[in-house]
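One structure is given here, and the rest of the page talks about it.
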Amino acid sequence: MMILYSILILAGLGLVLGLMIAWTAKMFAVEQDPRVEKVLSMLPGANCGGCGFAGCADFAKALAEGRAEVGGCPVSSKEAKGMIASFLGLAVSDSVRKVAVVLCGGSSSLARKAAEYNGISDCRSANLVAGGAKGCRYGCLGLASCARVCPVNAIEILDGLAIVHPELCIGCGKCVKACPRNLIKLVPENAHVHVFCSSRDKGADKKKVCDVPCIGCRKCVKAAGENEMLVEGFLVRTNYEKPPANDLPVRAGCPTNCLQSGFPLAYLKKQGGMPGEKEEKVA
Amino acid sequence: MNFAHDNHIYFYGGIHPDDSKALSASEAIKDAPLLDKYTVIVGQNIGAPPKLLVKKGDTVKKGQKIAEPAGFVSVPLHSPTSGTVSALTDIVGVFGTMASAVEITPDGKDEFCELQKLDWETATPEQVLAKIADAGLVGMGGAAFPTAVKLSPPKTKKIDVLIINGAECEPYLTADYRLMIETPERVLRGAAIFAKVLGVKTIMVGVEANKPDAVEKLRNAGADKFGIEVKSLRVRYPQGAEKQLIYALTGRKVPAGGLPMDVGCVVQNVGTCAAAADAVCEGKPLIERVTTVTGSKVARPGNWRLRLGTPISKALELCGGCKDGVAKIVSGGPMMGLAQISLDTTIMKSSSGILVLGRDEVAQYANQPCIRCGKCVDTCPMELMPGPLSLYVENERFDLAEKEHAMDCMECGSCAFVCPSRRPLVQHFKRAKAEIGAMRKARAAGAAAKGGKG
């Protein structure tokens, strides 16, 4: 008898509680877009925050709700973006993958120092103390603020100069924000020719503090096609809308070697390659 | 060393570093000979840099206005000598960044332009204030805040105490000390002028007790006649910091994030007083100041009356140059001064000193971890917690740093001075203040955008 009662009570209890669960599930159900999970599975899952949302899940939700564009993800491949776009029935903007590049070639051995710095090892802190120790007030301070924020370790500090490895870079843009000197730019993946200098000083002044400045001689502008290289004051810039061919540094004969394909001179020297021989590997 | 002092209220914390004032304390103020070139930095004051009135090739007279104020918090700038404007250039400024400057080549005559004197005792306070504003006066203790702005508090703030800062608590510096013992009457007259503008009856001069002769001279020079009370203060760095000085003299505490006028006080440096006396009684604008050139690596330390635009290199030459083994040249004192990267930087209205230090005197930071000993908390005169604050900054939690009042840090350096881990605490707080400032700006912009929509 005892056993029977026990079974009946427990079964009854189970039934009541079960019904309560069923009722709450129905009453307080959270409407969830089933597409969010699907979109999330198609995103890279790097959670880099490059899209401006709090990670991939947040971005997926924003996509499903129409608050974001597929092109907003800097990391996804073109195919993945196409898949997401067709799944959500959105138009995919034709975006080229972007990678970061540090537009300074003044490594410790190539650029001079104005002072000794022994404070906090962080570019943003150093920049507040007399603008850092570097002679060039535009140059890379080399204290790795960018490298520390990089989620994929794509930035190397070589001889006091930050160098982005484009094959590792996911283009999230965190380093761009971290650099107090605004040296880092996001450029299309297919643009390899860069002027590794950002100094707006006069050529002669730049030469005093650095061995590899852009002196604005315009040799590269003449050697390049129309509008491929742009002159901005005493500085020449690659037109990233219309990048020049990879052999431009060889053709132009840049007198200071600040015009390079792929990597700045300091890196090429370390690799043992002479300037201009690097294109095949990079391209 | 302990000296008798008359104040019985002590501010919290602080330190007592070796003051090294003996190097230059006995050197009388000397006038520097006329140089062959002066490069006057245009933006010398806190607030908007003034707008230039001259162009290349113009001839100027000594004391002629070469730039006019660009806004309320701004001051005019005057030529340090007569001559021609030979160039408008950019030089490395005292902060290590480029600053625009006017290069003046003297004609050797050193002729003043026409000076307008004012009888301050009969003039109205408005006239005196206008005269002070026109003379380009700024706080000469180091902050370079426009004096006229400080003297015109909003109507809602009732000012009843004027405090004259003669503490000179920074080690090494003796410029204010020399000023007080050589020309005490100028200091007192300047104080009386400020009191008239503010309509204040209570005037106090605070001098650290390690300068008993300055207290004596000020008292003998007729402080009573002007109704000025000269008080000797406990020797403790940073006794000369505005908020600490107010507390020591009046017992009033400036609220966090507040200004001296919130407790009815205005604080002026003794150098500013002397400059105000010259500006009003003689009509001379601010074109020169007393600067202490000192340090163990200076051949002959001294106190010099230098004109604005004198390069640091020339100032050092006056003192017989530097000895071997110079490691660091600082503009200002050792605690709050700024390390310089160029000797072409020129003397500004706020340059209280040039300090030349040797290798063994320069701190080598190793940035060790905080051991949480709490020494910095005992020391911070603003009653902050420097240790935990620096950890917030290291982890980029500027929101937490703001909550813990990082903005109240005055960068006096007391915490870094006592830190056994030799952490560069002040640099952390400089970063925090810059980041919090940017955060607040963004927040204000966001709020404005929202308000616009709604």
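Here, A, B, ... name the chains of the structure tokens in the order displayed, residue numbers run from 1 inside each chain, and ligands are numbered from 1 in the same displayed order.
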Closest atom pairs, chain A residues within 10 Å of chain B, only C-alpha atoms, as CSV:
residue,atom,partner,partner_atom,distance
A:Lys113,CA,B:Ile341,CA,9.9
A:Ala114,CA,B:Ile341,CA,6.3
A:Ala115,CA,B:Ile341,CA,6.0
A:Glu116,CA,B:Ile341,CA,9.1
A:Tyr117,CA,B:Gln364,CA,9.6
A:Asn118,CA,B:Tyr365,CA,6.1
A:Gly119,CA,B:Tyr365,CA,6.2
A:Ile120,CA,B:Pro424,CA,6.8
A:Ser121,CA,B:Asn367,CA,8.6
A:Asp122,CA,B:Glu394,CA,9.6
A:Arg124,CA,B:Arg431,CA,7.4
A:Ser125,CA,B:Arg431,CA,5.7
A:Ala126,CA,B:Gln427,CA,8.4
A:Asn127,CA,B:Arg431,CA,9.3
A:Leu128,CA,B:Arg431,CA,7.1
A:Val129,CA,B:Phe95,CA,7.4
A:Ala130,CA,B:Gly96,CA,3.8
A:Gly131,CA,B:Gly96,CA,5.6
A:Gly132,CA,B:Gly96,CA,8.2
A:Ala133,CA,B:Ile341,CA,8.1
A:Lys134,CA,B:Ile341,CA,9.8
A:Gly135,CA,B:Ile341,CA,9.1
A:Arg137,CA,B:Thr97,CA,7.8
Next, write the just-selected residues to a file, as an mmCIF file, in the first residue's frame, keeping N, CA and C atoms as the atom set.
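What ended up in again_12.cif:
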data_model
loop_
_atom_site.group_PDB
_atom_site.id
_atom_site.type_symbol
_atom_site.label_atom_id
_atom_site.label_comp_id
_atom_site.auth_asym_id
_atom_site.auth_seq_id
_atom_site.Cartn_x
_atom_site.Cartn_y
_atom_site.Cartn_z
ATOM 1 N N LYS A 113 67.042 59.107 -32.699
ATOM 2 C CA LYS A 113 66.252 59.425 -31.512
ATOM 3 C C LYS A 113 66.588 60.820 -31.041
ATOM 4 N N ALA A 114 65.618 61.514 -30.492
ATOM 5 C CA ALA A 114 65.860 62.856 -29.983
ATOM 6 C C ALA A 114 66.221 62.793 -28.510
ATOM 7 N N ALA A 115 65.766 61.769 -27.837
ATOM 8 C CA ALA A 115 65.983 61.684 -26.402
ATOM 9 C C ALA A 115 65.902 60.236 -25.962
ATOM 10 N N GLU A 116 66.270 60.026 -24.719
ATOM 11 C CA GLU A 116 66.160 58.702 -24.146
ATOM 12 C C GLU A 116 64.812 58.644 -23.439
ATOM 13 N N TYR A 117 64.114 57.559 -23.602
ATOM 14 C CA TYR A 117 62.809 57.452 -22.952
ATOM 15 C C TYR A 117 62.826 56.256 -22.032
ATOM 16 N N ASN A 118 62.508 56.469 -20.749
ATOM 17 C CA ASN A 118 62.440 55.290 -19.893
ATOM 18 C C ASN A 118 61.177 55.269 -19.042
ATOM 19 N N GLY A 119 60.085 55.626 -19.666
ATOM 20 C CA GLY A 119 58.810 55.574 -18.963
ATOM 21 C C GLY A 119 58.044 54.315 -19.304
ATOM 22 N N ILE A 120 56.731 54.427 -19.289
ATOM 23 C CA ILE A 120 55.860 53.295 -19.552
ATOM 24 C C ILE A 120 56.024 52.820 -20.997
ATOM 25 N N SER A 121 56.101 51.515 -21.155
ATOM 26 C CA SER A 121 56.301 50.961 -22.483
ATOM 27 C C SER A 121 54.971 50.878 -23.223
ATOM 28 N N ASP A 122 54.476 52.028 -23.619
ATOM 29 C CA ASP A 122 53.209 52.087 -24.332
ATOM 30 C C ASP A 122 53.234 53.365 -25.164
ATOM 31 N N ARG A 124 50.978 55.253 -26.430
ATOM 32 C CA ARG A 124 50.074 56.349 -26.103
ATOM 33 C C ARG A 124 50.546 57.117 -24.876
ATOM 34 N N SER A 125 51.167 56.393 -23.930
ATOM 35 C CA SER A 125 51.735 57.069 -22.763
ATOM 36 C C SER A 125 52.988 57.846 -23.164
ATOM 37 N N ALA A 126 53.816 57.221 -23.996
ATOM 38 C CA ALA A 126 55.065 57.865 -24.405
ATOM 39 C C ALA A 126 54.783 59.135 -25.191
ATOM 40 N N ASN A 127 53.725 59.099 -25.987
ATOM 41 C CA ASN A 127 53.395 60.241 -26.827
ATOM 42 C C ASN A 127 53.046 61.473 -25.988
ATOM 43 N N LEU A 128 52.629 61.239 -24.737
ATOM 44 C CA LEU A 128 52.277 62.362 -23.867
ATOM 45 C C LEU A 128 53.508 63.007 -23.238
ATOM 46 N N VAL A 129 54.625 62.297 -23.265
ATOM 47 C CA VAL A 129 55.847 62.844 -22.681
ATOM 48 C C VAL A 129 56.711 63.396 -23.803
ATOM 49 N N ALA A 130 56.625 64.688 -24.007
ATOM 50 C CA ALA A 130 57.424 65.356 -25.040
ATOM 51 C C ALA A 130 57.283 64.663 -26.390
ATOM 52 N N GLY A 131 56.141 64.043 -26.644
ATOM 53 C CA GLY A 131 55.886 63.438 -27.949
ATOM 54 C C GLY A 131 56.756 62.225 -28.241
ATOM 55 N N GLY A 132 57.227 61.531 -27.189
ATOM 56 C CA GLY A 132 58.020 60.330 -27.417
ATOM 57 C C GLY A 132 59.473 60.666 -27.716
ATOM 58 N N ALA A 133 60.295 59.637 -27.790
ATOM 59 C CA ALA A 133 61.731 59.857 -27.898
ATOM 60 C C ALA A 133 62.207 60.014 -29.328
ATOM 61 N N LYS A 134 61.369 59.659 -30.279
ATOM 62 C CA LYS A 134 61.826 59.635 -31.664
ATOM 63 C C LYS A 134 62.100 61.037 -32.213
ATOM 64 N N GLY A 135 63.139 61.145 -33.029
ATOM 65 C CA GLY A 135 63.440 62.437 -33.632
ATOM 66 C C GLY A 135 62.321 62.898 -34.532
ATOM 67 N N ARG A 137 58.637 63.440 -35.437
ATOM 68 C CA ARG A 137 57.431 63.525 -34.601
ATOM 69 C C ARG A 137 56.230 62.855 -35.250
#
task: Give me every alpha helix (DSSP H) residue in stretch 40-87 of chain A, going by DSSP on the backbone, as a PyMOL selection string.
output: chain A and resi 40-42+55-64+78-87
File dump, residues just selected, N, CA and C atoms, as a CSV table (one decimal), in the first residue's frame:
chain,number,residue,atom,x,y,z
A,40,LEU,N,25.4,33.1,-37.6
A,40,LEU,CA,26.5,33.1,-36.7
A,40,LEU,C,27.5,31.9,-37.1
A,41,SER,N,26.9,30.8,-37.5
A,41,SER,CA,27.7,29.7,-37.9
A,41,SER,C,28.5,30.0,-39.2
A,42,MET,N,28.0,31.0,-40.0
A,42,MET,CA,28.7,31.3,-41.2
A,42,MET,C,29.7,32.5,-41.0
A,55,GLY,N,31.1,41.4,-30.7
A,55,GLY,CA,31.4,40.0,-31.1
A,55,GLY,C,30.5,39.5,-32.2
A,56,CYS,N,30.8,38.3,-32.7
A,56,CYS,CA,30.1,37.8,-33.9
A,56,CYS,C,28.6,37.6,-33.6
A,57,ALA,N,28.2,37.1,-32.4
A,57,ALA,CA,26.8,36.8,-32.1
A,57,ALA,C,26.0,38.1,-32.2
A,58,ASP,N,26.5,39.1,-31.6
A,58,ASP,CA,25.8,40.4,-31.7
A,58,ASP,C,25.7,40.9,-33.1
A,59,PHE,N,26.7,40.7,-33.9
A,59,PHE,CA,26.7,41.1,-35.3
A,59,PHE,C,25.7,40.3,-36.1
A,60,ALA,N,25.6,39.0,-35.8
A,60,ALA,CA,24.7,38.1,-36.5
A,60,ALA,C,23.3,38.6,-36.2
A,61,LYS,N,23.0,38.9,-34.9
A,61,LYS,CA,21.7,39.4,-34.5
A,61,LYS,C,21.4,40.7,-35.3
A,62,ALA,N,22.4,41.6,-35.3
A,62,ALA,CA,22.2,42.9,-36.0
A,62,ALA,C,21.9,42.6,-37.5
A,63,LEU,N,22.6,41.7,-38.1
A,63,LEU,CA,22.3,41.4,-39.5
A,63,LEU,C,20.9,40.9,-39.7
A,64,ALA,N,20.5,39.9,-38.9
A,64,ALA,CA,19.1,39.4,-39.0
A,64,ALA,C,18.1,40.4,-38.8
A,78,LYS,N,35.0,36.6,-49.1
A,78,LYS,CA,34.0,37.1,-50.0
A,78,LYS,C,32.9,36.0,-50.2
A,79,GLU,N,33.3,34.7,-50.2
A,79,GLU,CA,32.4,33.6,-50.4
A,79,GLU,C,31.4,33.6,-49.2
A,80,ALA,N,32.0,33.7,-48.0
A,80,ALA,CA,31.2,33.6,-46.8
A,80,ALA,C,30.2,34.8,-46.8
A,81,LYS,N,30.6,36.0,-47.2
A,81,LYS,CA,29.7,37.1,-47.2
A,81,LYS,C,28.6,36.9,-48.2
A,82,GLY,N,28.9,36.3,-49.4
A,82,GLY,CA,27.9,35.9,-50.4
A,82,GLY,C,26.9,35.0,-49.8
A,83,MET,N,27.4,34.0,-49.1
A,83,MET,CA,26.5,33.0,-48.5
A,83,MET,C,25.5,33.6,-47.5
A,84,ILE,N,26.1,34.5,-46.6
A,84,ILE,CA,25.2,35.1,-45.6
A,84,ILE,C,24.2,36.0,-46.3
A,85,ALA,N,24.7,36.7,-47.3
A,85,ALA,CA,23.8,37.7,-48.0
A,85,ALA,C,22.7,36.9,-48.7
A,86,SER,N,23.0,35.8,-49.4
A,86,SER,CA,21.9,35.1,-50.1
A,86,SER,C,21.0,34.4,-49.1
A,87,PHE,N,21.5,34.0,-48.0
A,87,PHE,CA,20.7,33.4,-46.9
A,87,PHE,C,19.7,34.4,-46.4
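Distances from B:Glu402, B:Glu383, B:Glu170, B:Glu288 to B:Asp31 were compared using only C-alpha atoms, and the smallest one belongs to B:Glu288.
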query: By how many Å are atom CA of B:Thr292 and atom CA of B:His78 apart?
result: 22.1 Å
query: Could you pull the residues within 10 Å of A:Val231, counting only C-alpha atoms, minus those fewer than 3 positions along the same chain, as a PyMOL selection string?
result: chain A and resi 216-218+221+227+234-239
d(atom CA of B:Pro369, atom CA of A:Leu161) in Å: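 According to the coordinates, atom CA of B:Pro369 and atom CA of A:Leu161 are separated by 26.2 Å.
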Could you pull out all residues of stretch 44-244 of chain B with a DSSP call of strand (DSSP E or B) and give them as an mmCIF file with N, CA and C atoms, in the first residue's frame?
data_model
loop_
_atom_site.group_PDB
_atom_site.id
_atom_site.type_symbol
_atom_site.label_atom_id
_atom_site.label_comp_id
_atom_site.auth_asym_id
_atom_site.auth_seq_id
_atom_site.Cartn_x
_atom_site.Cartn_y
_atom_site.Cartn_z
ATOM 1 N N LYS B 51 46.092 85.605 -31.278
ATOM 2 C CA LYS B 51 46.128 85.784 -32.734
ATOM 3 C C LYS B 51 47.230 86.773 -33.082
ATOM 4 N N LEU B 52 48.091 86.416 -34.030
ATOM 5 C CA LEU B 52 49.232 87.260 -34.387
ATOM 6 C C LEU B 52 48.805 88.574 -35.027
ATOM 7 N N THR B 59 58.543 96.183 -38.143
ATOM 8 C CA THR B 59 59.389 96.642 -37.039
ATOM 9 C C THR B 59 58.509 96.738 -35.794
ATOM 10 N N VAL B 60 59.086 96.337 -34.689
ATOM 11 C CA VAL B 60 58.326 96.381 -33.440
ATOM 12 C C VAL B 60 59.134 97.121 -32.378
ATOM 13 N N LYS B 62 59.817 97.602 -28.129
ATOM 14 C CA LYS B 62 59.788 96.782 -26.922
ATOM 15 C C LYS B 62 58.439 96.995 -26.221
ATOM 16 N N LYS B 65 52.416 95.188 -28.643
ATOM 17 C CA LYS B 65 51.582 93.990 -28.728
ATOM 18 C C LYS B 65 51.844 93.292 -30.061
ATOM 19 N N ILE B 66 52.259 92.025 -30.023
ATOM 20 C CA ILE B 66 52.486 91.317 -31.283
ATOM 21 C C ILE B 66 51.404 90.264 -31.529
ATOM 22 N N ALA B 67 50.569 90.047 -30.539
ATOM 23 C CA ALA B 67 49.447 89.124 -30.734
ATOM 24 C C ALA B 67 48.332 89.551 -29.799
ATOM 25 N N GLU B 68 47.101 89.398 -30.257
ATOM 26 C CA GLU B 68 45.968 89.816 -29.427
ATOM 27 C C GLU B 68 45.166 88.595 -28.993
ATOM 28 N N LEU B 77 50.214 89.090 -26.346
ATOM 29 C CA LEU B 77 51.644 88.803 -26.254
ATOM 30 C C LEU B 77 52.385 90.050 -26.727
ATOM 31 N N HIS B 78 53.529 90.352 -26.086
ATOM 32 C CA HIS B 78 54.252 91.585 -26.411
ATOM 33 C C HIS B 78 55.687 91.278 -26.802
ATOM 34 N N GLY B 83 62.975 95.912 -32.527
ATOM 35 C CA GLY B 83 63.686 95.298 -33.642
ATOM 36 C C GLY B 83 62.727 94.949 -34.753
ATOM 37 N N THR B 84 63.110 93.948 -35.551
ATOM 38 C CA THR B 84 62.248 93.543 -36.656
ATOM 39 C C THR B 84 61.824 92.092 -36.494
ATOM 40 N N VAL B 85 60.644 91.808 -37.009
ATOM 41 C CA VAL B 85 60.169 90.430 -37.041
ATOM 42 C C VAL B 85 60.882 89.760 -38.208
ATOM 43 N N SER B 86 61.860 88.893 -37.911
ATOM 44 C CA SER B 86 62.653 88.317 -38.997
ATOM 45 C C SER B 86 62.036 87.047 -39.555
ATOM 46 N N ALA B 87 61.167 86.390 -38.815
ATOM 47 C CA ALA B 87 60.528 85.185 -39.363
ATOM 48 C C ALA B 87 59.366 84.756 -38.479
ATOM 49 N N LEU B 88 58.410 84.072 -39.078
ATOM 50 C CA LEU B 88 57.376 83.374 -38.321
ATOM 51 C C LEU B 88 57.670 81.897 -38.518
ATOM 52 N N THR B 89 58.073 81.219 -37.450
ATOM 53 C CA THR B 89 58.531 79.837 -37.617
ATOM 54 C C THR B 89 57.801 78.891 -36.678
ATOM 55 N N ASP B 90 58.227 77.642 -36.727
ATOM 56 C CA ASP B 90 57.777 76.634 -35.772
ATOM 57 C C ASP B 90 59.009 76.138 -35.028
ATOM 58 N N ILE B 91 58.943 76.110 -33.705
ATOM 59 C CA ILE B 91 60.052 75.522 -32.952
ATOM 60 C C ILE B 91 59.495 74.457 -32.018
ATOM 61 N N VAL B 92 60.401 73.635 -31.479
ATOM 62 C CA VAL B 92 59.967 72.636 -30.509
ATOM 63 C C VAL B 92 59.593 73.366 -29.226
ATOM 64 N N MET B 98 55.579 70.735 -31.673
ATOM 65 C CA MET B 98 55.935 71.948 -32.391
ATOM 66 C C MET B 98 54.996 73.080 -31.978
ATOM 67 N N ALA B 99 55.563 74.267 -31.866
ATOM 68 C CA ALA B 99 54.764 75.430 -31.487
ATOM 69 C C ALA B 99 55.133 76.570 -32.425
ATOM 70 N N SER B 100 54.124 77.345 -32.849
ATOM 71 C CA SER B 100 54.450 78.455 -33.737
ATOM 72 C C SER B 100 55.072 79.574 -32.905
ATOM 73 N N ALA B 101 55.998 80.278 -33.526
ATOM 74 C CA ALA B 101 56.771 81.282 -32.801
ATOM 75 C C ALA B 101 57.082 82.467 -33.701
ATOM 76 N N VAL B 102 57.345 83.608 -33.066
ATOM 77 C CA VAL B 102 57.736 84.822 -33.785
ATOM 78 C C VAL B 102 59.204 85.068 -33.493
ATOM 79 N N GLU B 103 60.001 85.167 -34.562
ATOM 80 C CA GLU B 103 61.427 85.408 -34.366
ATOM 81 C C GLU B 103 61.680 86.903 -34.487
ATOM 82 N N ILE B 104 62.261 87.484 -33.441
ATOM 83 C CA ILE B 104 62.506 88.929 -33.451
ATOM 84 C C ILE B 104 64.004 89.190 -33.382
ATOM 85 N N THR B 105 64.509 89.944 -34.386
ATOM 86 C CA THR B 105 65.914 90.318 -34.382
ATOM 87 C C THR B 105 66.016 91.727 -33.811
ATOM 88 N N PRO B 106 66.683 91.883 -32.663
ATOM 89 C CA PRO B 106 66.734 93.199 -32.016
ATOM 90 C C PRO B 106 67.537 94.208 -32.833
ATOM 91 N N PHE B 112 61.414 101.127 -25.583
ATOM 92 C CA PHE B 112 60.039 100.817 -25.204
ATOM 93 C C PHE B 112 59.068 101.563 -26.111
ATOM 94 N N VAL B 138 49.757 86.134 -16.973
ATOM 95 C CA VAL B 138 49.291 84.773 -16.710
ATOM 96 C C VAL B 138 49.894 84.331 -15.380
ATOM 97 N N PRO B 146 45.424 82.604 -17.571
ATOM 98 C CA PRO B 146 45.274 84.057 -17.671
ATOM 99 C C PRO B 146 44.806 84.689 -16.351
ATOM 100 N N VAL B 161 38.734 85.909 0.216
ATOM 101 C CA VAL B 161 40.142 85.792 0.596
ATOM 102 C C VAL B 161 41.019 85.776 -0.650
ATOM 103 N N LEU B 162 42.061 86.600 -0.620
ATOM 104 C CA LEU B 162 43.068 86.557 -1.676
ATOM 105 C C LEU B 162 44.323 85.948 -1.066
ATOM 106 N N ILE B 163 44.821 84.909 -1.712
ATOM 107 C CA ILE B 163 46.022 84.251 -1.196
ATOM 108 C C ILE B 163 47.161 84.460 -2.179
ATOM 109 N N ILE B 164 48.285 84.924 -1.648
ATOM 110 C CA ILE B 164 49.455 85.112 -2.494
ATOM 111 C C ILE B 164 50.404 83.952 -2.209
ATOM 112 N N ASN B 165 50.767 83.266 -3.280
ATOM 113 C CA ASN B 165 51.533 82.035 -3.148
ATOM 114 C C ASN B 165 53.030 82.309 -3.233
ATOM 115 N N GLY B 166 53.673 82.294 -2.086
ATOM 116 C CA GLY B 166 55.118 82.450 -2.064
ATOM 117 C C GLY B 166 55.770 81.212 -1.487
ATOM 118 N N THR B 202 40.628 90.489 3.037
ATOM 119 C CA THR B 202 41.607 89.576 3.645
ATOM 120 C C THR B 202 42.638 89.149 2.600
ATOM 121 N N ILE B 203 43.871 89.517 2.839
ATOM 122 C CA ILE B 203 44.947 89.110 1.931
ATOM 123 C C ILE B 203 45.997 88.371 2.749
ATOM 124 N N MET B 204 46.367 87.195 2.298
ATOM 125 C CA MET B 204 47.390 86.436 3.007
ATOM 126 C C MET B 204 48.499 86.051 2.045
ATOM 127 N N VAL B 205 49.731 86.177 2.510
ATOM 128 C CA VAL B 205 50.857 85.676 1.737
ATOM 129 C C VAL B 205 51.366 84.444 2.463
ATOM 130 N N GLY B 206 51.458 83.341 1.756
ATOM 131 C CA GLY B 206 51.971 82.114 2.361
ATOM 132 C C GLY B 206 53.384 81.842 1.874
ATOM 133 N N VAL B 207 54.324 81.737 2.815
ATOM 134 C CA VAL B 207 55.716 81.467 2.465
ATOM 135 C C VAL B 207 56.174 80.268 3.286
ATOM 136 N N GLU B 208 56.858 79.322 2.647
ATOM 137 C CA GLU B 208 57.341 78.164 3.404
ATOM 138 C C GLU B 208 58.369 78.609 4.440
ATOM 139 N N ILE B 228 48.053 93.282 4.632
ATOM 140 C CA ILE B 228 48.406 91.934 4.174
ATOM 141 C C ILE B 228 49.045 91.156 5.321
ATOM 142 N N GLU B 229 48.587 89.937 5.497
ATOM 143 C CA GLU B 229 49.126 89.083 6.546
ATOM 144 C C GLU B 229 50.133 88.131 5.909
ATOM 145 N N VAL B 230 51.374 88.146 6.395
ATOM 146 C CA VAL B 230 52.387 87.243 5.848
ATOM 147 C C VAL B 230 52.501 86.051 6.782
ATOM 148 N N LYS B 231 52.270 84.861 6.234
ATOM 149 C CA LYS B 231 52.288 83.673 7.085
ATOM 150 C C LYS B 231 53.381 82.718 6.659
ATOM 151 N N SER B 232 54.046 82.171 7.662
ATOM 152 C CA SER B 232 55.085 81.193 7.415
ATOM 153 C C SER B 232 54.441 79.802 7.473
ATOM 154 N N LEU B 233 54.720 78.986 6.501
ATOM 155 C CA LEU B 233 54.029 77.694 6.366
ATOM 156 C C LEU B 233 54.953 76.521 6.628
ATOM 157 N N TYR B 237 56.259 69.510 0.621
ATOM 158 C CA TYR B 237 55.837 69.533 -0.771
ATOM 159 C C TYR B 237 54.516 68.783 -0.876
#
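Around A:Leu248, within 10 Å and counting only C-alpha atoms, the residues found are His192, Val193, His194, Cys220, Val221, Ala223, Ala224, Gly225, Pro244, Ala245, Asn246, Val250, Arg251, Ala252, Gly253, Cys254, Leu259, Gln260, Ser261 and Gly276 of chain A, once anything fewer than 2 positions away on its own chain is removed.
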Export of the given selection (C-alpha atoms) as a JSON list (two decimals), in the first residue's frame:
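The resulting file, out_27.json, is shown below:
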[["chain", "number", "residue", "atom", "x", "y", "z"],
["A", 192, "HIS", "CA", 51.11, 46.13, -52.09],
["A", 193, "VAL", "CA", 53.02, 49.29, -52.90],
["A", 194, "HIS", "CA", 53.25, 51.64, -49.93],
["A", 220, "CYS", "CA", 57.48, 57.34, -58.24],
["A", 221, "VAL", "CA", 54.68, 59.66, -59.34],
["A", 223, "ALA", "CA", 57.07, 56.26, -63.04],
["A", 224, "ALA", "CA", 53.55, 55.24, -62.02],
["A", 225, "GLY", "CA", 50.47, 55.48, -64.15],
["A", 244, "PRO", "CA", 50.03, 50.83, -58.81],
["A", 245, "ALA", "CA", 51.70, 47.65, -60.07],
["A", 246, "ASN", "CA", 53.92, 45.78, -57.65],
["A", 250, "VAL", "CA", 61.96, 48.89, -58.88],
["A", 251, "ARG", "CA", 60.90, 51.06, -61.81],
["A", 252, "ALA", "CA", 60.77, 54.30, -59.83],
["A", 253, "GLY", "CA", 64.17, 53.96, -58.19],
["A", 254, "CYS", "CA", 63.12, 55.62, -54.94],
["A", 259, "LEU", "CA", 58.69, 53.21, -51.41],
["A", 260, "GLN", "CA", 58.46, 49.46, -51.06],
["A", 261, "SER", "CA", 56.26, 46.61, -52.05],
["A", 276, "GLY", "CA", 62.23, 45.31, -54.83]]
- prompt: What lies within 6 Å of B:Tyr172 using only C-alpha atoms, ignoring chain neighbours under 2 positions off, as a PyMOL selection string?
  reply: chain B and resi 19-21
Please save N, CA and C atoms of the selected residues as a compact mmCIF listing (two decimals), in the first residue's frame.
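Result file out-v6.txt:
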# COMPACT_ATOMS: atom_id res chain seq x y z
N ASP B 19 65.69 69.93 -0.81
CA ASP B 19 65.28 71.05 -1.66
C ASP B 19 66.38 71.62 -2.56
N SER B 20 67.64 71.35 -2.26
CA SER B 20 68.75 71.79 -3.12
C SER B 20 68.67 73.25 -3.52
N LYS B 21 68.01 74.07 -2.71
CA LYS B 21 67.86 75.48 -3.08
C LYS B 21 69.15 76.26 -2.84
Residue contacts of B:Ile132 (8 Å, only C-alpha atoms) excluding same-chain residues fewer than 4 positions away, as a list of chain:residue names: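 Using only C-alpha atoms, the neighbours found are B:Val128, B:Gly136, B:Leu137, B:Thr147, B:Ala148, B:Ala276, B:Ala279, B:Val280.
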Write a file of the selected residues as a compact mmCIF listing (two decimals), in the first residue's frame, keeping N, CA and C atoms.
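The result, written out as again-v6.txt:
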# COMPACT_ATOMS: atom_id res chain seq x y z
N VAL B 128 41.65 98.81 -13.69
CA VAL B 128 42.83 98.04 -13.28
C VAL B 128 42.81 96.66 -13.93
N GLY B 136 48.97 91.12 -20.67
CA GLY B 136 49.25 89.72 -20.99
C GLY B 136 49.65 88.89 -19.79
N LEU B 137 49.13 89.22 -18.63
CA LEU B 137 49.53 88.49 -17.43
C LEU B 137 48.93 87.08 -17.35
N THR B 147 45.60 85.64 -15.86
CA THR B 147 45.34 86.26 -14.55
C THR B 147 44.01 87.02 -14.54
N ALA B 148 43.73 87.72 -15.64
CA ALA B 148 42.51 88.53 -15.69
C ALA B 148 41.27 87.64 -15.56
N ALA B 276 52.19 92.24 -12.02
CA ALA B 276 51.00 93.09 -12.02
C ALA B 276 51.35 94.50 -11.56
N ALA B 279 52.91 96.13 -14.42
CA ALA B 279 51.95 96.37 -15.49
C ALA B 279 51.09 97.59 -15.18
N VAL B 280 50.65 97.71 -13.93
CA VAL B 280 49.71 98.79 -13.60
C VAL B 280 50.46 100.09 -13.29
Surrounding residues of A:Gly171 excluding itself and chain neighbours under 3 positions, 6 Å, only C-alpha atoms, as a PDB file with C-alpha atoms, in the first residue's frame:
ATOM      1  CA  PRO A  74      36.100  42.927 -42.063  1.00  0.00           C
ATOM      2  CA  LYS A  98      41.278  45.096 -46.119  1.00  0.00           C
ATOM      3  CA  VAL A  99      44.516  44.714 -44.240  1.00  0.00           C
ATOM      4  CA  ALA A 100      46.409  47.088 -42.004  1.00  0.00           C
TER       5      ALA A 100
END
